[in-house]
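Right, one structure below, let's go through it.
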Amino acid sequence: MFTEGETIETEDAYRSGRVALFFEQRAWAAADSPTGQRLCINICQVYVQDIESLQAVQCKYAHLQSVAKQADAVFAVSGDYYSWRKEGLALRNGELLRGSVDWRWDVCVLYRDGRMESFERGHYGAGLAQNPDIWHIFSFGPALLDEAGRALAAFHAEGQHKNGAPYTTNPAHYGARTARIALGYYEPGHYVFVNVEYPGKRSAGMRMDELAQFMESLGCAKAYNLDGGQTARMWFGNELKCEKGAPARPLMDAIVICR
C-alpha cells in the first residue's frame, strides 16, 4: 500500500511512505433520470499512516483549484462551510475555531488515532470540543449510516428553539437531486471521499437517501454528509475532477492531502 519512502504518482493513484490515494470515476444509474446512466461520481480512497496527513485549510472565498494549487495538494475536497453559520462546533487540525453548539446539526469527529464518530444533534455538547484527542470536528451532516453500517432512510429530527418553540428540520432539500460530498470511514487510517457532481450534461445528482445507500454499497462503517450543492468539488492529481461547466461557490474551508 505505502511505499518505502519514494513517491509513485499516476493519473489515478498517489502513493508515498505516508499516504496512499486511489481515484476513480464511476457511473451511476439515476432511476428517474430521462437519460439513464451517467458518469457522475468521483471517489477517492484514502489511506494515511497518521491522521495529521489529512489537513484542513481555511481560505477566504477561494475556489478549490486555487486552494489546491497553493497548498501543493495531491487531493482536495470542499468541507463543511462552517463560516456560513454563526454557531456550530468547528475544530480543525487540533485547533478549536468555534466552541458554540448548533443543536440542529449532526457533527463528525476525527480523532488523532484515526477513528471517526458521528454524534446526532441533541446528543453532544460544547464539552466535546475540549477533548485533546480530537483532530477535526465538522458540523453539517447528516450522518448517513446507522451503527451497523446500513443506510438511513430518514434524516429529519425534532427539537426546540432556544425559546422553547418546537422545531422540525425541513428535509425538503434532502430530497433534491444535487451535488453532494460525503466522508466515509472503514477503520483508522482508511477513509473515502465521494463527490456526486452537480446536475448537468453527465450528472443527475443524488438525493440524500441515495447517497446513504451509495456509501453503504462502498462498505463504509460510518459515513457523513458535508456541504453540497455549488460547494461540492474534488481535486485529484493536478486537476478539478468535476464537470467544468457546473456552477461553483467560493469556499471558506477545504480538506487537503499535500505532496
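Labels used: A, B, ... for chains in the order of the C-alpha cells, numbers from 1 for residues in each chain, and numbers from 1 for ligands as shown.
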
Exercise for review: Would you list the contacts of Phe22 in chain A as number ranges by chain, taking every protein, DNA or RNA residue within 6 Å and counting only C-alpha atoms, but skipping same-chain residues closer than 6 positions in sequence?
Suggested key: A: 12-13, 44-45

Review point. Quick one: DSSP helix (DSSP H, G or I) residues in range 7-253 of chain A, as an NGL selection string?
Key: :A and (51-53 or 64-71 or 82-84 or 126-130 or 171-175 or 208-217 or 229-231)

Exercise for review: Please identify all polymer residues within 10 Å of Asn238 in chain A, counting only C-alpha atoms, omitting same-chain residues fewer than 3 positions from it, and present them as a ChimeraX atom specification.
Suggested key: /A:11,65,68-69,72-75,235,241

Practice item. Please provide the set of residues having any atom within 9 Å of range 181-193 of chain A, restricted to only C-alpha atoms, with same-chain residues fewer than 2 positions apart removed, written as JSON, numbers by chain. Key: {"A": [42, 43, 44, 45, 46, 47, 48, 49, 50, 51, 77, 78, 79, 113, 114, 115, 116, 117, 141, 144, 179, 195, 196, 197, 211, 215, 218, 219, 220, 221, 222, 223, 224, 225, 226, 227, 228, 229, 231, 232, 233, 234]}

Review point. If you run DSSP on the backbone, which residues of range 125-155 of chain A are strand (DSSP E), as a PyMOL selection string?
Key: chain A and resi 134-140

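In terms of minimum interatomic distance to Arg177 in chain A, A:Met208 ranks closest within A:Met208, A:Val256, A:Ala20, A:Ala148, counting only C-alpha atoms.
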
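You will find CA of Glu95 in chain A at 9.4 Å from CA of Pro132 in chain A.
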
Exercise for review: Name the residues in contact with Tyr81 in chain A at a cut-off of 8 Å, using only C-alpha atoms, excluding same-chain residues fewer than 5 positions from it; report them as a ChimeraX atom specification.
Suggested key: /A:227,251-253

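Rounded to one decimal, CA of Glu24 in chain A and CA of Ile41 in chain A lie 8.4 Å from each other.
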
Point to revise | Spatial neighbours of Glu87 in chain A, 6 Å, only C-alpha atoms, chain gap at least 6 places, as a count of residues only | key: 3

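Every protein or nucleic acid residue with an atom no more than 10 Å from Gly245 in chain A, counting only C-alpha atoms and leaving out same-chain residues fewer than 3 positions away, appears here: Tyr198, Gly200, Lys201, Cys242 and Ala248 of chain A.
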
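Computed from the coordinates, the CA of Gly122 in chain A to CA of Glu52 in chain A distance equals 28.8 Å.
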
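Considering only C-alpha atoms, the residue among A:Asn131, A:Asn93, A:Ser203, A:Thr3 positioned nearest to Gln58 in chain A is A:Asn93.
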